[in-house]
Every structure is written in C-alpha cells, then in structure tokens.
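File shown here: final.pdb, holding PDB, C-alpha atoms, pLDDT in the B column.
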```pdb
ATOM      1  CA  MET A 302     -36.192 -62.859  31.398  1.00 52.00           C
ATOM      2  CA  LYS A 303     -34.800 -61.286  28.201  1.00 52.00           C
ATOM      3  CA  THR A 304     -35.119 -57.851  29.755  1.00 53.00           C
ATOM      4  CA  LEU A 305     -33.192 -58.979  32.810  1.00 44.00           C
ATOM      5  CA  VAL A 306     -30.331 -60.373  30.649  1.00 45.00           C
ATOM      6  CA  LYS A 307     -30.181 -57.137  28.602  1.00 48.00           C
ATOM      7  CA  THR A 308     -30.076 -55.079  31.794  1.00 48.00           C
ATOM      8  CA  PHE A 309     -27.179 -57.104  33.234  1.00 45.00           C
ATOM      9  CA  ALA A 310     -25.317 -56.938  29.902  1.00 45.00           C
ATOM     10  CA  ALA A 311     -25.748 -53.161  29.746  1.00 45.00           C
ATOM     11  CA  ALA A 312     -24.620 -52.804  33.392  1.00 45.00           C
ATOM     12  CA  ALA A 313     -21.549 -54.952  32.694  1.00 44.00           C
ATOM     13  CA  LEU A 314     -20.610 -52.846  29.648  1.00 45.00           C
ATOM     14  CA  ILE A 315     -20.997 -49.638  31.620  1.00 54.00           C
ATOM     15  CA  ALA A 316     -18.874 -51.020  34.473  1.00 45.00           C
ATOM     16  CA  VAL A 317     -16.111 -52.224  32.120  1.00 43.00           C
ATOM     17  CA  SER A 318     -15.985 -48.910  30.237  1.00 45.00           C
ATOM     18  CA  THR A 319     -15.927 -46.949  33.515  1.00 44.00           C
ATOM     19  CA  PHE A 320     -13.014 -49.015  34.870  1.00 46.00           C
ATOM     20  CA  THR A 321     -11.162 -48.641  31.571  1.00 43.00           C
ATOM     21  CA  MET A 322     -11.551 -44.855  31.586  1.00 44.00           C
ATOM     22  CA  ALA A 323     -10.499 -44.672  35.255  1.00 46.00           C
ATOM     23  CA  ALA A 324      -7.369 -46.721  34.568  1.00 46.00           C
ATOM     24  CA  ASP A 325      -6.414 -44.536  31.597  1.00 43.00           C
ATOM     25  CA  LYS A 326      -6.978 -41.075  33.038  1.00 44.00           C
ATOM     26  CA  PRO A 327      -7.467 -38.355  30.437  1.00 44.00           C
ATOM     27  CA  GLY A 328      -4.179 -36.615  29.773  1.00 42.00           C
ATOM     28  CA  SER A 329      -2.116 -39.089  31.771  1.00 37.00           C
ATOM     29  CA  LYS A 330       0.056 -39.864  28.755  1.00 39.00           C
ATOM     30  CA  SER A 331       0.828 -36.227  28.046  1.00 38.00           C
ATOM     31  CA  VAL A 332       1.648 -35.098  31.587  1.00 43.00           C
ATOM     32  CA  LYS A 333       5.051 -33.412  31.599  1.00 56.00           C
ATOM     33  CA  ALA A 334       7.543 -34.214  34.300  1.00 65.00           C
ATOM     34  CA  ASN A 335       8.193 -31.408  36.729  1.00 74.00           C
ATOM     35  CA  VAL A 336      11.882 -30.830  37.357  1.00 80.00           C
ATOM     36  CA  ASN A 337      13.237 -28.648  40.162  1.00 83.00           C
ATOM     37  CA  LEU A 338      14.770 -25.616  38.455  1.00 86.00           C
ATOM     38  CA  SER A 339      14.511 -23.336  41.491  1.00 86.00           C
ATOM     39  CA  THR A 340      18.246 -22.539  41.513  1.00 91.00           C
ATOM     40  CA  ALA A 341      20.802 -21.922  38.795  1.00 92.00           C
ATOM     41  CA  ASP A 342      22.826 -24.883  40.052  1.00 92.00           C
ATOM     42  CA  PHE A 343      19.836 -27.255  39.720  1.00 92.00           C
ATOM     43  CA  ALA A 344      19.129 -25.950  36.214  1.00 93.00           C
ATOM     44  CA  LEU A 345      22.767 -26.343  35.157  1.00 94.00           C
ATOM     45  CA  GLU A 346      22.920 -29.844  36.621  1.00 94.00           C
ATOM     46  CA  HIS A 347      19.747 -30.793  34.740  1.00 93.00           C
ATOM     47  CA  TYR A 348      21.120 -29.279  31.507  1.00 92.00           C
ATOM     48  CA  VAL A 349      24.235 -31.448  31.811  1.00 93.00           C
ATOM     49  CA  ALA A 350      22.081 -34.536  32.478  1.00 92.00           C
ATOM     50  CA  VAL A 351      19.890 -33.777  29.460  1.00 92.00           C
ATOM     51  CA  THR A 352      22.800 -33.164  27.084  1.00 90.00           C
ATOM     52  CA  THR A 353      25.165 -35.928  28.249  1.00 91.00           C
ATOM     53  CA  GLU A 354      23.111 -38.645  29.949  1.00 91.00           C
ATOM     54  CA  GLY A 355      20.009 -38.799  27.762  1.00 87.00           C
ATOM     55  CA  GLU A 356      17.699 -37.487  30.493  1.00 86.00           C
ATOM     56  CA  SER A 357      14.405 -36.522  28.863  1.00 82.00           C
ATOM     57  CA  ALA A 358      12.242 -35.451  31.805  1.00 86.00           C
ATOM     58  CA  GLY A 359      11.572 -31.722  31.849  1.00 84.00           C
ATOM     59  CA  VAL A 360      13.352 -30.910  28.578  1.00 87.00           C
ATOM     60  CA  GLU A 361      10.686 -28.379  27.531  1.00 88.00           C
ATOM     61  CA  GLN A 362      10.736 -26.839  31.003  1.00 90.00           C
ATOM     62  CA  LEU A 363      14.517 -26.347  30.930  1.00 92.00           C
ATOM     63  CA  PHE A 364      14.828 -24.032  27.925  1.00 92.00           C
ATOM     64  CA  ALA A 365      13.656 -20.414  27.742  1.00 90.00           C
ATOM     65  CA  GLU A 366      11.159 -19.528  25.003  1.00 92.00           C
ATOM     66  CA  ASP A 367      13.818 -17.481  23.157  1.00 93.00           C
ATOM     67  CA  PHE A 368      16.565 -20.121  23.571  1.00 93.00           C
ATOM     68  CA  ASN A 369      19.163 -20.222  20.810  1.00 92.00           C
ATOM     69  CA  GLN A 370      22.079 -22.581  20.258  1.00 93.00           C
ATOM     70  CA  LYS A 371      25.100 -21.629  18.152  1.00 93.00           C
ATOM     71  CA  ILE A 372      27.781 -24.027  17.002  1.00 91.00           C
ATOM     72  CA  GLN A 373      31.103 -22.417  16.145  1.00 87.00           C
ATOM     73  CA  SER A 374      32.868 -24.391  13.400  1.00 79.00           C
ATOM     74  CA  SER A 375      33.968 -24.002   9.788  1.00 78.00           C
ATOM     75  CA  ASN A 376      30.270 -23.949   8.851  1.00 81.00           C
ATOM     76  CA  ALA A 377      28.687 -22.120  11.791  1.00 83.00           C
ATOM     77  CA  GLN A 378      25.184 -23.269  12.671  1.00 87.00           C
ATOM     78  CA  SER A 379      22.327 -21.899  14.717  1.00 90.00           C
ATOM     79  CA  HIS A 380      19.446 -23.917  16.166  1.00 89.00           C
ATOM     80  CA  SER A 381      16.116 -22.842  17.619  1.00 88.00           C
ATOM     81  CA  ARG A 382      14.597 -24.033  20.877  1.00 88.00           C
ATOM     82  CA  GLU A 383      12.219 -26.364  19.048  1.00 90.00           C
ATOM     83  CA  ALA A 384      15.018 -28.026  17.051  1.00 90.00           C
ATOM     84  CA  VAL A 385      17.191 -28.561  20.140  1.00 91.00           C
ATOM     85  CA  VAL A 386      14.321 -29.954  22.245  1.00 90.00           C
ATOM     86  CA  LYS A 387      13.353 -32.324  19.423  1.00 89.00           C
ATOM     87  CA  SER A 388      16.946 -33.509  19.039  1.00 88.00           C
ATOM     88  CA  LEU A 389      17.404 -34.062  22.780  1.00 89.00           C
ATOM     89  CA  LYS A 390      14.168 -36.047  23.003  1.00 88.00           C
ATOM     90  CA  LYS A 391      15.460 -38.374  20.273  1.00 86.00           C
ATOM     91  CA  GLN A 392      18.591 -38.992  22.379  1.00 85.00           C
ATOM     92  CA  LYS A 393      16.519 -40.227  25.349  1.00 87.00           C
ATOM     93  CA  GLY A 394      18.546 -42.747  27.344  1.00 85.00           C
ATOM     94  CA  GLU A 395      21.728 -42.338  25.298  1.00 87.00           C
ATOM     95  CA  LYS A 396      24.728 -41.605  27.476  1.00 91.00           C
ATOM     96  CA  LEU A 397      27.782 -39.896  25.978  1.00 90.00           C
ATOM     97  CA  ASN A 398      31.162 -41.539  26.551  1.00 92.00           C
ATOM     98  CA  CYS A 399      33.015 -38.499  27.857  1.00 92.00           C
ATOM     99  CA  GLU A 400      34.331 -36.748  30.949  1.00 95.00           C
ATOM    100  CA  VAL A 401      32.254 -33.730  31.979  1.00 95.00           C
ATOM    101  CA  SER A 402      33.465 -30.689  33.883  1.00 95.00           C
ATOM    102  CA  THR A 403      31.582 -27.503  34.698  1.00 95.00           C
ATOM    103  CA  ASP A 404      32.906 -24.102  35.716  1.00 95.00           C
ATOM    104  CA  ILE A 405      30.825 -21.113  36.766  1.00 95.00           C
ATOM    105  CA  LEU A 406      32.252 -18.094  34.927  1.00 95.00           C
ATOM    106  CA  GLU A 407      29.822 -15.434  36.140  1.00 95.00           C
ATOM    107  CA  GLU A 408      26.877 -15.494  38.527  1.00 94.00           C
ATOM    108  CA  SER A 409      24.398 -12.997  39.907  1.00 93.00           C
ATOM    109  CA  ALA A 410      20.926 -13.123  41.419  1.00 91.00           C
ATOM    110  CA  ASP A 411      19.258 -13.335  37.980  1.00 94.00           C
ATOM    111  CA  TYR A 412      21.733 -14.951  35.577  1.00 94.00           C
ATOM    112  CA  MET A 413      24.630 -17.364  35.343  1.00 96.00           C
ATOM    113  CA  VAL A 414      27.227 -18.106  32.670  1.00 96.00           C
ATOM    114  CA  ALA A 415      28.811 -21.535  32.884  1.00 96.00           C
ATOM    115  CA  LYS A 416      31.398 -23.412  30.863  1.00 97.00           C
ATOM    116  CA  VAL A 417      30.615 -27.105  30.329  1.00 96.00           C
ATOM    117  CA  THR A 418      33.506 -29.101  28.869  1.00 95.00           C
ATOM    118  CA  LEU A 419      32.994 -32.570  27.418  1.00 95.00           C
ATOM    119  CA  LYS A 420      36.259 -34.461  26.857  1.00 96.00           C
ATOM    120  CA  PHE A 421      35.936 -37.331  24.404  1.00 94.00           C
ATOM    121  CA  GLU A 422      38.711 -39.687  23.321  1.00 93.00           C
ATOM    122  CA  ASN A 423      39.820 -37.648  20.267  1.00 93.00           C
ATOM    123  CA  PHE A 424      38.311 -34.203  20.780  1.00 93.00           C
ATOM    124  CA  SER A 425      36.609 -31.917  23.270  1.00 94.00           C
ATOM    125  CA  LYS A 426      33.464 -29.828  23.145  1.00 94.00           C
ATOM    126  CA  THR A 427      33.118 -26.579  25.075  1.00 95.00           C
ATOM    127  CA  ASP A 428      29.611 -25.309  25.756  1.00 95.00           C
ATOM    128  CA  LEU A 429      29.142 -21.789  27.124  1.00 96.00           C
ATOM    129  CA  VAL A 430      25.702 -21.827  28.729  1.00 96.00           C
ATOM    130  CA  THR A 431      23.718 -18.781  29.819  1.00 96.00           C
ATOM    131  CA  LEU A 432      20.970 -19.331  32.383  1.00 95.00           C
ATOM    132  CA  GLU A 433      18.402 -16.734  33.447  1.00 96.00           C
ATOM    133  CA  ARG A 434      15.855 -16.508  36.226  1.00 94.00           C
ATOM    134  CA  VAL A 435      12.365 -16.589  34.709  1.00 91.00           C
ATOM    135  CA  GLY A 436       9.800 -16.119  37.461  1.00 90.00           C
ATOM    136  CA  ASN A 437      10.613 -18.692  40.142  1.00 90.00           C
ATOM    137  CA  ASP A 438      12.580 -21.003  37.825  1.00 92.00           C
ATOM    138  CA  TRP A 439      15.909 -20.895  36.031  1.00 95.00           C
ATOM    139  CA  LYS A 440      16.013 -21.496  32.275  1.00 94.00           C
ATOM    140  CA  VAL A 441      18.795 -22.032  29.757  1.00 95.00           C
ATOM    141  CA  SER A 442      18.607 -19.070  27.378  1.00 94.00           C
ATOM    142  CA  LYS A 443      21.695 -19.531  25.213  1.00 96.00           C
ATOM    143  CA  SER A 444      24.285 -22.139  24.348  1.00 95.00           C
ATOM    144  CA  ILE A 445      27.434 -21.589  22.273  1.00 95.00           C
ATOM    145  CA  ASN A 446      29.408 -24.705  21.327  1.00 94.00           C
ATOM    146  CA  SER A 447      32.936 -25.022  20.018  1.00 93.00           C
ATOM    147  CA  TYR A 448      35.052 -28.072  19.248  1.00 91.00           C
ATOM    148  CA  LYS A 449      38.807 -28.734  19.561  1.00 89.00           C
TER     149      LYS A 449
END
```

structure tokens encoding of this file:
Amino acid sequence: MKTLVKTFAAAALIAVSTFTMAADKPGSKSVKANVNLSTADFALEHYVAVTTEGESAGVEQLFAEDFNQKIQSSNAQSHSREAVVKSLKKQKGEKLNCEVSTDILEESADYMVAKVTLKFENFSKTDLVTLERVGNDWKVSKSINSYK
C-alpha cells in the first residue's frame, strides 16, 4: 500500500511539473516582437511610433548595428545604438504631447532621408532620419536632432 501511495505521489509531481513547464515555454519571456520593416515607409512609421508614442515592440530590430544619434545644441551630444534603445525602452507607453509631421527629403531603392518635426507647446524638435535597406528590412542608421 505504501508503494502504491508513493507511486501516485511521484506521478502527480511529474504531471504538475510537466504542465508547469508546458505553460511557461522556454524562452517565451524573451521572444522579441517581429515588426514589418519591409519598406522604408513602414520603418519610418515605426520609428515615429517608437519615439513619440512609447511603442516598444521591435525597438532592437528598428536600428542598424552602427546607428548613431547626434543632438545639435549648445553642448552637442552623441549617443550609441545601445544608449538610444535603452532610453526608448524606458519610455514604453509614454506618449509625447506634440504634433508630428514627416517629410521625405530624399529616397532611392536603398536609402531614405526623412525630416520628422515634433511641435510642442513652447518649442519644436527636428529629427533628420536616415534609413537604409539591410537585407530584406529597412533600418534607421542615423538621427540628427535640433531644437528651436
């Protein structure tokens, strides 16, 4: 009788642990969202959503490996890809209170330069964004910001 109870207890533990592992699939928490960056327009639209609407899905996917951001001001700054991605992830869900307009300045089959203007109540921010085709996707490779 004791053997039978031990067998059922062991079977129950195995069943519970199996269901727990199945419910929490390995790697399910670290799966990155796939965002459609197949065109320059999609990539630019996603960049605007990430920078102004707090969108966090696909942030790593959006920026080229050699991405660089420059901020033109009295104390000019430069930020690496890692710093910008980290900063944008912290802003998840935060929406900026501004009007956004985008203008395509130059476009070819493999690159695009766009001007993104954010108009706030007391100032405006202009972001010149360079996008490049990398394989089948478009990536943001450079961003230069200025304030007025």

* Residues near Phe368 in chain A, cut-off 10 Å, all atoms listed in the file, skip fewer than 3 positions along chain, as a list of chain:residue names -> A:Leu363, A:Phe364, A:Ala365, A:His380, A:Ser381, A:Arg382, A:Glu383, A:Val385, A:Thr431, A:Leu432, A:Lys440, A:Val441, A:Ser442, A:Lys443, A:Ser444

* Sphere at (30.7, -25.0, 19.5), radius 7 Å, counting only C-alpha atoms: residues as a PyMOL selection string -> chain A and resi 371-374+426-428+445-448

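Rounded to one decimal, CA of Leu345 in chain A and CA of Asn423 in chain A lie 25.3 Å from each other.
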
* To do: Name all residues at most 8 Å from Ala341 in chain A (count all atoms listed in the file; drop same-chain ones fewer than 6 positions away) and give them as a ChimeraX atom specification.
  => /A:412-413,432-434,439

* To do: Tell me which residues the PyMOL selection byres ((chain A and resi 335) around 12) grabs here, as a ChimeraX atom specification.
  => /A:332-334,336-339,347,357-363,438

* Residues near Glu422 in chain A, cut-off 10 Å, all atoms listed in the file, skip fewer than 4 positions along chain, as an MDAnalysis selection string -> chainID A and resid 398:400

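One distance worth recording is that between CA of Leu429 in chain A and CA of Lys416 in chain A, which is 4.7 Å.
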
* **Gap from CA of Phe421 in chain A to CA of Glu408 in chain A - Å, one decimal** => 27.5 Å

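When all atoms listed in the file are used to compute distances to Val401 in chain A, the closest of the residues A:Asn437, A:Thr418, A:Thr340, A:Asn376 turns out to be A:Thr418.
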